[in-house]
$ cat entry37.txt   # compact mmCIF, C-alpha atoms and all ligand atoms
# COMPACT_ATOMS: atom_id res chain seq x y z
CA MET E 185 9.54 -18.99 0.15
CA ALA E 186 5.86 -18.56 1.03
CA HIS E 187 4.68 -14.95 1.35
CA ALA E 188 4.72 -13.63 4.91
CA THR E 189 1.20 -13.01 6.22
CA GLY E 190 2.00 -11.97 9.79
CA ILE E 191 -0.90 -14.10 11.02
CA LYS E 192 1.29 -15.89 13.54
CA TYR E 193 1.39 -12.68 15.62
CA LEU E 194 -2.42 -12.34 15.78
CA LYS E 195 -4.50 -13.67 18.65
CA PRO E 196 -6.78 -16.44 17.35
CA GLY E 197 -10.39 -15.40 16.72
CA VAL E 198 -9.85 -11.61 16.87
CA LEU E 199 -10.94 -10.84 13.31
CA PRO E 200 -12.90 -8.99 12.02
CA HIS E 201 -11.24 -5.99 13.65
CA MET E 202 -12.96 -2.94 15.16
CA TRP E 203 -11.73 -0.22 12.78
CA CYS E 204 -14.13 1.55 10.42
CA SER E 205 -14.41 0.65 6.78
CA GLY E 206 -11.77 2.63 4.84
CA CYS E 207 -9.53 3.17 7.88
CA GLY E 208 -5.80 2.65 7.26
CA ILE E 209 -5.00 1.13 10.67
CA GLY E 210 -5.70 -2.45 9.54
CA GLY E 211 -3.44 -2.06 6.49
CA MET E 212 -0.71 -0.55 8.64
CA LEU E 213 -0.97 -3.48 11.07
CA GLY E 214 -0.76 -5.93 8.15
CA ALA E 215 2.38 -4.22 6.82
CA LEU E 216 3.99 -4.22 10.26
CA LEU E 217 3.29 -7.88 10.96
CA ARG E 218 4.56 -8.94 7.53
CA ALA E 219 7.71 -6.90 8.18
CA CYS E 220 8.18 -8.61 11.57
CA GLU E 221 7.73 -12.06 10.02
CA GLU E 222 10.19 -11.35 7.21
CA LEU E 223 12.73 -10.24 9.83
CA GLY E 224 12.12 -13.39 11.89
CA TYR E 225 10.91 -11.68 15.09
CA SER E 226 9.42 -13.86 17.82
CA ASN E 227 6.56 -12.96 20.14
CA SER E 228 8.73 -13.33 23.22
CA ASP E 229 11.48 -10.88 22.24
CA THR E 230 9.13 -8.23 20.85
CA VAL E 231 7.16 -5.69 22.91
CA VAL E 232 4.42 -3.58 21.35
CA VAL E 233 3.59 -0.46 23.33
CA THR E 234 0.47 1.60 22.57
CA GLY E 235 -1.29 4.65 23.97
CA ILE E 236 -5.01 5.44 23.77
CA GLY E 237 -7.19 5.91 20.71
CA CYS E 238 -8.27 3.93 17.64
CA THR E 239 -4.60 3.33 16.81
CA GLY E 240 -3.88 2.55 20.44
CA LYS E 241 -6.32 -0.40 20.30
CA LEU E 242 -3.93 -2.24 18.06
CA ASP E 243 -2.17 -4.26 20.75
CA ASP E 244 -5.50 -5.98 21.56
CA TYR E 245 -4.96 -8.10 18.45
CA LEU E 246 -1.42 -9.27 19.14
CA LEU E 247 0.21 -12.28 20.77
CA THR E 248 3.48 -10.39 21.27
CA ASN E 249 4.30 -8.88 24.64
CA ALA E 250 2.14 -5.77 24.79
CA LEU E 251 1.68 -2.77 27.03
CA HIS E 252 -1.44 -0.61 26.62
CA THR E 253 -0.54 2.65 28.34
CA THR E 254 -2.04 6.08 28.98
CA HIS E 255 -2.83 8.69 26.31
CA GLY E 256 0.33 10.42 25.08
CA ARG E 257 2.67 8.42 27.33
CA ALA E 258 3.46 5.34 25.25
CA LEU E 259 7.00 6.54 24.50
CA ALA E 260 7.71 7.20 28.17
CA TYR E 261 6.75 3.60 29.07
CA ALA E 262 8.71 2.30 26.08
CA THR E 263 11.78 4.27 27.22
CA GLY E 264 11.57 2.51 30.58
CA ILE E 265 11.31 -0.91 28.93
CA LYS E 266 14.29 -0.23 26.68
CA ALA E 267 16.41 1.17 29.51
CA PHE E 268 15.73 -1.89 31.68
CA LYS E 269 15.94 -4.58 28.97
CA PRO E 270 17.86 -3.23 25.97
CA GLN E 271 17.81 -6.67 24.31
CA LEU E 272 14.04 -6.42 23.65
CA LYS E 273 12.71 -5.18 20.29
CA VAL E 274 10.38 -2.32 21.22
CA ILE E 275 7.71 -1.11 18.78
CA VAL E 276 5.55 1.87 19.80
CA ILE E 277 2.30 2.43 17.91
CA MET E 278 0.48 5.74 18.29
CA GLY E 279 -2.03 8.07 16.72
CA ASP E 280 -1.14 11.68 15.89
CA GLY E 281 -2.79 12.80 19.13
CA ASP E 282 -0.89 10.25 21.18
CA SER E 283 2.47 10.94 19.57
CA VAL E 284 2.75 14.66 18.87
CA THR E 285 -0.23 16.44 20.40
CA ILE E 286 -0.80 15.36 24.02
CA GLY E 287 2.38 13.27 23.72
CA GLY E 288 4.56 15.85 21.95
CA ASN E 289 7.06 16.30 24.75
CA HIS E 290 7.71 12.57 25.11
CA PHE E 291 8.12 12.31 21.35
CA ILE E 292 10.71 15.09 21.21
CA HIS E 293 12.75 13.62 24.05
CA ALA E 294 12.60 10.00 22.86
CA ALA E 295 13.99 11.19 19.51
CA ARG E 296 16.55 13.47 21.19
CA ARG E 297 17.77 10.61 23.39
CA ASN E 298 17.85 8.40 20.31
CA ILE E 299 16.22 5.55 22.24
CA ASP E 300 16.57 2.34 20.27
CA LEU E 301 12.92 1.71 19.37
CA THR E 302 10.63 1.96 16.37
CA ALA E 303 7.75 4.44 16.55
CA ILE E 304 4.91 3.89 14.10
CA VAL E 305 2.52 6.84 13.91
CA LEU E 306 -0.84 6.53 12.15
CA ASN E 307 -1.55 10.15 11.29
CA ASN E 308 -5.29 10.28 10.55
CA LEU E 309 -5.23 14.09 10.83
CA ASN E 310 -7.62 14.26 13.81
CA TYR E 311 -8.57 12.70 17.15
CA GLY E 312 -10.40 9.72 15.70
CA MET E 313 -11.72 7.82 18.70
CA THR E 314 -13.30 10.79 20.46
CA GLY E 315 -15.16 12.24 17.45
CA GLY E 316 -12.77 13.88 14.97
CA GLN E 317 -11.56 16.87 16.99
CA VAL E 318 -8.71 19.04 15.70
CA SER E 319 -5.24 17.66 16.51
CA GLY E 320 -1.69 18.97 16.21
CA THR E 321 -1.43 17.52 12.69
CA THR E 322 -4.77 18.71 11.27
CA PRO E 323 -3.86 20.72 8.15
CA GLU E 324 -4.60 24.45 8.20
CA TRP E 325 -7.07 24.09 5.33
CA ALA E 326 -9.10 21.28 6.93
CA LEU E 327 -12.38 21.30 8.85
CA THR E 328 -12.97 19.16 11.93
CA SER E 329 -15.76 18.68 14.46
CA THR E 330 -14.22 21.36 16.73
CA THR E 331 -13.10 23.74 13.94
CA VAL E 332 -16.20 23.72 11.74
CA TYR E 333 -15.46 27.15 10.22
CA GLY E 334 -11.70 26.64 9.81
CA ASN E 335 -8.53 25.75 11.68
CA PRO E 336 -6.72 28.72 13.25
CA GLU E 337 -3.64 26.58 14.03
CA ARG E 338 -0.72 25.46 11.88
CA GLU E 339 0.08 21.75 11.75
CA PHE E 340 3.14 19.81 12.90
CA ASP E 341 5.21 17.97 10.31
CA ILE E 342 5.86 14.80 12.35
CA CYS E 343 8.82 13.67 10.26
CA ALA E 344 10.53 17.08 10.35
CA LEU E 345 10.02 17.15 14.11
CA ALA E 346 11.67 13.72 14.53
CA GLU E 347 14.56 14.70 12.26
CA THR E 348 15.23 17.94 14.11
CA ALA E 349 15.00 16.27 17.51
CA GLY E 350 17.63 13.66 16.54
CA ALA E 351 16.01 10.47 15.20
CA ASN E 352 18.32 8.10 13.32
CA TYR E 353 15.69 6.97 10.79
CA VAL E 354 12.59 8.77 9.52
CA ALA E 355 10.20 7.60 6.81
CA ARG E 356 6.70 8.39 5.62
CA SER E 357 4.18 6.25 3.81
CA THR E 358 0.44 5.98 3.12
CA PRO E 359 -2.10 3.18 2.59
CA TYR E 360 -1.75 3.92 -1.13
CA HIS E 361 1.84 2.61 -0.87
CA GLY E 362 1.19 -0.69 0.95
CA TRP E 363 4.17 -2.72 -0.27
CA GLU E 364 6.60 0.17 0.19
CA MET E 365 5.18 0.75 3.68
CA LYS E 366 6.25 -2.75 4.70
CA GLU E 367 9.75 -2.20 3.27
CA LEU E 368 10.12 1.10 5.16
CA MET E 369 9.00 -0.62 8.35
CA LYS E 370 11.67 -3.27 7.85
CA GLN E 371 14.32 -0.58 7.50
CA ALA E 372 13.03 1.21 10.60
CA LEU E 373 12.92 -2.00 12.66
CA GLN E 374 16.51 -2.84 11.74
CA LYS E 375 17.87 0.61 12.54
CA LYS E 376 19.64 1.09 15.88
CA GLY E 377 18.39 4.24 17.56
CA PHE E 378 15.08 6.08 17.31
CA SER E 379 13.26 5.21 14.11
CA LEU E 380 9.94 6.55 12.89
CA VAL E 381 7.50 5.54 10.20
CA GLU E 382 4.63 7.98 9.79
CA VAL E 383 1.62 6.58 7.94
CA VAL E 384 -0.57 9.41 6.61
CA SER E 385 -4.06 7.95 6.50
CA PRO E 386 -7.00 10.38 6.88
CA CYS E 387 -9.76 9.14 9.22
CA PRO E 388 -12.63 8.27 6.85
CA THR E 389 -15.34 8.58 9.46
CA HIS E 390 -14.54 12.06 10.74
CA PHE E 391 -11.82 13.78 8.71
CA GLY E 392 -13.06 12.29 5.45
CA ARG E 393 -16.67 13.27 6.06
CA ASN E 394 -15.67 16.86 6.85
CA ASN E 395 -13.23 17.21 3.96
CA GLU E 396 -14.83 15.55 0.95
CA MET E 397 -13.11 12.18 1.10
CA LYS E 398 -15.52 9.97 3.00
CA GLU E 399 -15.23 7.03 0.60
CA THR E 400 -12.00 5.02 0.47
CA PRO E 401 -11.33 5.63 -3.27
CA ALA E 402 -11.50 9.41 -2.72
CA MET E 403 -9.01 9.15 0.14
CA LEU E 404 -6.65 7.00 -1.90
CA ARG E 405 -6.85 9.43 -4.83
CA TRP E 406 -6.06 12.29 -2.44
CA LEU E 407 -3.02 10.42 -1.13
CA GLU E 408 -1.91 9.45 -4.63
CA GLY E 409 -2.05 13.09 -5.73
CA ARG E 410 -0.21 14.56 -2.76
CA ALA E 411 2.48 12.03 -1.83
CA LEU E 412 5.69 12.59 -3.79
CA PRO E 413 9.08 10.83 -3.72
CA LEU E 414 11.59 13.01 -1.86
CA GLU E 415 13.56 14.12 -4.93
CA ARG E 416 10.40 15.28 -6.73
CA TYR E 417 9.22 17.07 -3.61
CA ARG E 418 12.57 18.86 -3.24
CA GLY E 419 12.40 19.93 -6.87
CA LEU E 420 9.17 21.89 -6.28
CA PRO E 421 9.25 25.68 -5.80
CA GLN E 422 8.92 26.48 -2.10
CA ALA E 423 5.45 27.99 -2.51
CA GLU E 424 4.08 24.80 -4.07
CA ARG E 425 5.43 22.43 -1.43
CA ARG E 426 2.58 23.06 0.98
CA ASN E 427 0.22 21.16 -1.36
CA TYR E 428 2.33 17.98 -1.21
CA PHE E 429 4.30 15.83 1.22
CA PRO E 430 7.35 13.62 0.64
CA VAL E 431 7.17 9.84 1.13
CA GLY E 432 9.86 7.16 1.44
CA THR E 433 13.03 7.30 3.54
CA LEU E 434 13.63 10.91 4.59
CA VAL E 435 16.46 10.48 7.14
CA ASP E 436 18.95 7.64 7.57
CA ARG E 437 21.93 8.14 9.88
CA ASP E 438 23.85 6.22 12.54
CA GLU E 439 24.36 8.36 15.63
CA PRO E 440 24.98 6.28 18.80
CA ASP E 441 21.73 5.36 20.57
CA PHE E 442 20.94 5.94 24.26
CA SER E 443 21.70 2.37 25.44
CA THR E 444 25.14 2.37 23.77
CA ARG E 445 26.07 5.74 25.28
CA TYR E 446 24.77 4.65 28.67
CA ALA E 447 26.71 1.35 28.59
CA THR E 448 29.95 3.25 27.80
CA ILE E 449 29.46 5.66 30.71
CA ARG E 450 28.54 2.81 33.05
CA ALA E 451 31.65 0.80 32.13
CA ARG E 452 33.83 3.86 32.76
CA ALA E 453 32.16 4.49 36.12
CA LEU E 454 32.66 0.87 37.21
CA GLN E 455 36.40 1.14 36.54
CA GLU E 456 36.86 4.11 38.86
C1 LIG H 1 -5.08 12.12 29.40
C2 LIG H 1 -6.23 11.89 28.45
N1 LIG H 1 -6.77 12.91 27.78
C3 LIG H 1 -7.78 12.71 26.91
C4 LIG H 1 -8.28 11.43 26.72
C5 LIG H 1 -9.44 11.23 25.78
N2 LIG H 1 -9.02 10.64 24.53
C6 LIG H 1 -9.09 9.31 24.30
S1 LIG H 1 -8.61 8.90 22.76
C7 LIG H 1 -8.32 10.51 22.37
C8 LIG H 1 -7.87 10.94 20.99
C9 LIG H 1 -6.98 9.98 20.31
O1 LIG H 1 -6.49 10.56 19.13
P1 LIG H 1 -5.21 9.96 18.45
O2 LIG H 1 -4.12 9.76 19.42
O3 LIG H 1 -4.89 10.80 17.25
O4 LIG H 1 -5.68 8.49 18.02
P2 LIG H 1 -6.83 8.00 16.99
O5 LIG H 1 -8.03 7.67 17.82
O6 LIG H 1 -7.09 9.14 16.02
O7 LIG H 1 -6.22 6.82 16.36
C10 LIG H 1 -8.58 11.36 23.45
C11 LIG H 1 -8.44 12.84 23.40
C12 LIG H 1 -7.69 10.38 27.45
N3 LIG H 1 -8.08 9.10 27.29
N4 LIG H 1 -6.68 10.61 28.30
$ encode --input "entry37.txt" --output "structure tokens"
Amino acid sequence: MAHATGIKYLKPGVLPHMWCSGCGIGGMLGALLRACEELGYSNSDTVVVTGIGCTGKLDDYLLTNALHTTHGRALAYATGIKAFKPQLKVIVIMGDGDSVTIGGNHFIHAARRNIDLTAIVLNNLNYGMTGGQVSGTTPEWALTSTTVYGNPEREFDICALAETAGANYVARSTPYHGWEMKELMKQALQKKGFSLVEVVSPCPTHFGRNNEMKETPAMLRWLEGRALPLERYRGLPQAERRNYFPVGTLVDRDEPDFSTRYATIRARALQE
């Protein structure tokens, strides 16, 4: 079988794309589209929902059904789509600002409801599009354009948040792990219920410049050094864990999703 390229989902003539050199969004898009092709998805039964930001621009490139929504609200729109047409495959693509900073409440409740959709979060550790401001996932040790002397806040662990709120599938990857990223996306897309793939990919233009990884090789080396398979991460003493993060599948369970629960209640109500 020929290798999947995912090109059939791209609008003709859209390349080269708008993202900066060294940015992981293009690689994430490539992994996602290859995953969709390997799973045999068609443009007409797939909806890609985005918010606002560099990551939110992604739907501009796609021939699939697409909805470009407001900042932080992509999951709310996606919930509406899924509730109205549960047969559609809904993929929500967000930045860390979109998903867990301005959009944190929607994220918690989409995971809690276990809405059957796949959320892909490109965590570039800052607000990329607006100039590298601090976001809810900026690490405590990092500098940004609005925290030039240091970050007084602690960061969210997006995967831990999704797990605690009730997601059925949670995984983390990085641009250093391109092939594995595609495989994790395939698992997420096939999972019924709320699934999440977080892609940790520091913004080269802002975060990288402020934190000594402006060039792509430096960023990849940083990711290589910090991303650990879950078992190795769990084997670390607690005090050391803060210097690393686990990658791969972190949660995989099969709690009933919102649409299934809703259909059961509706059937019961119709009988009365
Ligand atoms: C309600 C609202 N608040 C603020 C903005 C301004 N704004 C546009 S993009 C953005 C940051 C996006 O950051 P993130 O979601 O992390 O995506 P990235 O650009 O880093 O991919 C902000 C604050 C907006 N468009 N709408």
$ closest_residue --input "entry37.txt" --among "E:Tyr261, E:Phe268, E:Trp203, E:Phe378" --to "ligand LIG 1 (chain H)" --atoms "only C-alpha atoms and all ligand atoms"
E:Trp203
$ closest_residue --input "entry37.txt" --among "E:Ile299, E:Leu306, E:Glu221, E:Leu216" --to "Thr239 in chain E" --atoms "all atoms listed in the file"
E:Leu306
$ residues_near_ligand --input "entry37.txt" --ligand "ligand LIG 1 (chain H)" --cutoff "6 Å" --atoms "only C-alpha atoms and all ligand atoms" --output "MDAnalysis selection string"
chainID E and resid 236:239 255 279:282 308 310:314
$ atom_distance --input "entry37.txt" --atom1 "CA of Ala349 in chain E" --atom2 "CA of Ser385 in chain E"
23.5 Å
$ residues_near_point --input "entry37.txt" --point "(16.5, 3.6, 30.3)" --cutoff "12 Å" --atoms "all atoms listed in the file" --output "ChimeraX atom specification"
/E:259-271,294,297-301,441-447
$ residues_around --input "entry37.txt" --residues "range 430-432 of chain E" --least-positions-apart "2" --cutoff "12 Å" --atoms "all atoms listed in the file" --output "JSON, numbers by chain"
{"E": [341, 342, 343, 344, 353, 354, 355, 356, 357, 358, 359, 360, 361, 362, 363, 364, 365, 366, 367, 368, 369, 371, 372, 380, 381, 382, 383, 384, 407, 408, 409, 410, 411, 412, 413, 414, 415, 416, 417, 418, 419, 420, 425, 426, 427, 428, 434, 435, 436]}
$ atom_distance --input "entry37.txt" --atom1 "CA of Phe291 in chain E" --atom2 "CA of Phe340 in chain E"
12.3 Å
$ atom_distance --input "entry37.txt" --atom1 "CA of Thr433 in chain E" --atom2 "CA of Ala303 in chain E"
14.3 Å
$ residues_near_point --input "entry37.txt" --point "(-3.5, -5.9, 10.2)" --cutoff "10 Å" --atoms "all atoms listed in the file" --output "NGL selection string"
:E and (189-191 or 193-194 or 199 or 201 or 208-218 or 242 or 245-246)
$ closest_residue --input "entry37.txt" --among "E:Cys207, E:Ala219, E:Cys387, E:Ala186" --to "Gly315 in chain E" --atoms "all atoms listed in the file"
E:Cys387
$ closest_residue --input "entry37.txt" --among "E:Met397, E:Ile449, E:Ile292, E:Val231" --to "Glu347 in chain E" --atoms "all atoms listed in the file"
E:Ile292
$ build_atoms --input "entry37.txt" --residues "range 212-223 of chain E" --atoms "all heavy atoms" --output "PDB file, keeping the file's coordinate frame"
ATOM      1  N   MET E 212      -1.987  -0.839   7.979  1.00  0.00           N
ATOM      2  CA  MET E 212      -0.710  -0.550   8.640  1.00  0.00           C
ATOM      3  C   MET E 212      -0.292  -1.753   9.512  1.00  0.00           C
ATOM      4  O   MET E 212       0.872  -2.162   9.509  1.00  0.00           O
ATOM      5  CB  MET E 212      -0.852   0.686   9.510  1.00  0.00           C
ATOM      6  CG  MET E 212       0.391   0.997  10.312  1.00  0.00           C
ATOM      7  SD  MET E 212       0.064   2.147  11.647  1.00  0.00           S
ATOM      8  CE  MET E 212      -0.875   1.159  12.771  1.00  0.00           C
ATOM      9  N   LEU E 213      -1.273  -2.316  10.235  1.00  0.00           N
ATOM     10  CA  LEU E 213      -0.970  -3.480  11.070  1.00  0.00           C
ATOM     11  C   LEU E 213      -0.488  -4.642  10.194  1.00  0.00           C
ATOM     12  O   LEU E 213       0.485  -5.320  10.530  1.00  0.00           O
ATOM     13  CB  LEU E 213      -2.239  -3.886  11.845  1.00  0.00           C
ATOM     14  CG  LEU E 213      -2.141  -5.155  12.694  1.00  0.00           C
ATOM     15  CD1 LEU E 213      -1.072  -5.025  13.753  1.00  0.00           C
ATOM     16  CD2 LEU E 213      -3.487  -5.465  13.360  1.00  0.00           C
ATOM     17  N   GLY E 214      -1.169  -4.861   9.053  1.00  0.00           N
ATOM     18  CA  GLY E 214      -0.760  -5.930   8.150  1.00  0.00           C
ATOM     19  C   GLY E 214       0.671  -5.742   7.676  1.00  0.00           C
ATOM     20  O   GLY E 214       1.479  -6.684   7.661  1.00  0.00           O
ATOM     21  N   ALA E 215       1.019  -4.502   7.297  1.00  0.00           N
ATOM     22  CA  ALA E 215       2.380  -4.220   6.820  1.00  0.00           C
ATOM     23  C   ALA E 215       3.399  -4.473   7.930  1.00  0.00           C
ATOM     24  O   ALA E 215       4.462  -5.068   7.707  1.00  0.00           O
ATOM     25  CB  ALA E 215       2.468  -2.772   6.327  1.00  0.00           C
ATOM     26  N   LEU E 216       3.071  -4.045   9.137  1.00  0.00           N
ATOM     27  CA  LEU E 216       3.990  -4.220  10.260  1.00  0.00           C
ATOM     28  C   LEU E 216       4.225  -5.701  10.568  1.00  0.00           C
ATOM     29  O   LEU E 216       5.358  -6.142  10.769  1.00  0.00           O
ATOM     30  CB  LEU E 216       3.438  -3.494  11.500  1.00  0.00           C
ATOM     31  CG  LEU E 216       4.247  -3.676  12.775  1.00  0.00           C
ATOM     32  CD1 LEU E 216       5.630  -3.037  12.634  1.00  0.00           C
ATOM     33  CD2 LEU E 216       3.521  -3.083  13.977  1.00  0.00           C
ATOM     34  N   LEU E 217       3.138  -6.465  10.594  1.00  0.00           N
ATOM     35  CA  LEU E 217       3.290  -7.880  10.960  1.00  0.00           C
ATOM     36  C   LEU E 217       4.026  -8.661   9.868  1.00  0.00           C
ATOM     37  O   LEU E 217       4.821  -9.561  10.165  1.00  0.00           O
ATOM     38  CB  LEU E 217       1.913  -8.507  11.238  1.00  0.00           C
ATOM     39  CG  LEU E 217       1.148  -7.867  12.414  1.00  0.00           C
ATOM     40  CD1 LEU E 217      -0.100  -8.675  12.738  1.00  0.00           C
ATOM     41  CD2 LEU E 217       2.024  -7.729  13.658  1.00  0.00           C
ATOM     42  N   ARG E 218       3.792  -8.294   8.619  1.00  0.00           N
ATOM     43  CA  ARG E 218       4.560  -8.940   7.530  1.00  0.00           C
ATOM     44  C   ARG E 218       6.037  -8.583   7.667  1.00  0.00           C
ATOM     45  O   ARG E 218       6.915  -9.426   7.472  1.00  0.00           O
ATOM     46  CB  ARG E 218       4.034  -8.496   6.169  1.00  0.00           C
ATOM     47  CG  ARG E 218       2.711  -9.134   5.822  1.00  0.00           C
ATOM     48  CD  ARG E 218       2.264  -8.768   4.402  1.00  0.00           C
ATOM     49  NE  ARG E 218       0.923  -9.237   4.200  1.00  0.00           N
ATOM     50  CZ  ARG E 218      -0.184  -8.500   4.398  1.00  0.00           C
ATOM     51  NH1 ARG E 218      -0.089  -7.248   4.761  1.00  0.00           N
ATOM     52  NH2 ARG E 218      -1.372  -9.026   4.239  1.00  0.00           N
ATOM     53  N   ALA E 219       6.306  -7.323   7.991  1.00  0.00           N
ATOM     54  CA  ALA E 219       7.710  -6.900   8.180  1.00  0.00           C
ATOM     55  C   ALA E 219       8.352  -7.701   9.306  1.00  0.00           C
ATOM     56  O   ALA E 219       9.480  -8.197   9.169  1.00  0.00           O
ATOM     57  CB  ALA E 219       7.763  -5.401   8.472  1.00  0.00           C
ATOM     58  N   CYS E 220       7.630  -7.866  10.417  1.00  0.00           N
ATOM     59  CA  CYS E 220       8.180  -8.610  11.570  1.00  0.00           C
ATOM     60  C   CYS E 220       8.450 -10.063  11.179  1.00  0.00           C
ATOM     61  O   CYS E 220       9.473 -10.637  11.556  1.00  0.00           O
ATOM     62  CB  CYS E 220       7.195  -8.576  12.748  1.00  0.00           C
ATOM     63  SG  CYS E 220       7.134  -6.983  13.561  1.00  0.00           S
ATOM     64  N   GLU E 221       7.535 -10.654  10.423  1.00  0.00           N
ATOM     65  CA  GLU E 221       7.730 -12.060  10.020  1.00  0.00           C
ATOM     66  C   GLU E 221       8.930 -12.181   9.081  1.00  0.00           C
ATOM     67  O   GLU E 221       9.750 -13.090   9.232  1.00  0.00           O
ATOM     68  CB  GLU E 221       6.464 -12.583   9.337  1.00  0.00           C
ATOM     69  CG  GLU E 221       6.571 -14.064   9.022  1.00  0.00           C
ATOM     70  CD  GLU E 221       5.251 -14.695   8.617  1.00  0.00           C
ATOM     71  OE1 GLU E 221       4.185 -14.218   9.044  1.00  0.00           O
ATOM     72  OE2 GLU E 221       5.311 -15.680   7.849  1.00  0.00           O
ATOM     73  N   GLU E 222       9.050 -11.278   8.137  1.00  0.00           N
ATOM     74  CA  GLU E 222      10.190 -11.350   7.210  1.00  0.00           C
ATOM     75  C   GLU E 222      11.514 -11.155   7.938  1.00  0.00           C
ATOM     76  O   GLU E 222      12.548 -11.652   7.500  1.00  0.00           O
ATOM     77  CB  GLU E 222      10.013 -10.316   6.080  1.00  0.00           C
ATOM     78  CG  GLU E 222       8.901 -10.738   5.118  1.00  0.00           C
ATOM     79  CD  GLU E 222       8.704  -9.771   3.950  1.00  0.00           C
ATOM     80  OE1 GLU E 222       9.578  -8.925   3.706  1.00  0.00           O
ATOM     81  OE2 GLU E 222       7.651  -9.880   3.296  1.00  0.00           O
ATOM     82  N   LEU E 223      11.491 -10.442   9.056  1.00  0.00           N
ATOM     83  CA  LEU E 223      12.730 -10.240   9.830  1.00  0.00           C
ATOM     84  C   LEU E 223      12.925 -11.335  10.884  1.00  0.00           C
ATOM     85  O   LEU E 223      13.916 -11.326  11.614  1.00  0.00           O
ATOM     86  CB  LEU E 223      12.689  -8.869  10.522  1.00  0.00           C
ATOM     87  CG  LEU E 223      12.728  -7.661   9.579  1.00  0.00           C
ATOM     88  CD1 LEU E 223      12.525  -6.361  10.354  1.00  0.00           C
ATOM     89  CD2 LEU E 223      14.043  -7.608   8.810  1.00  0.00           C
TER      90      LEU E 223
END
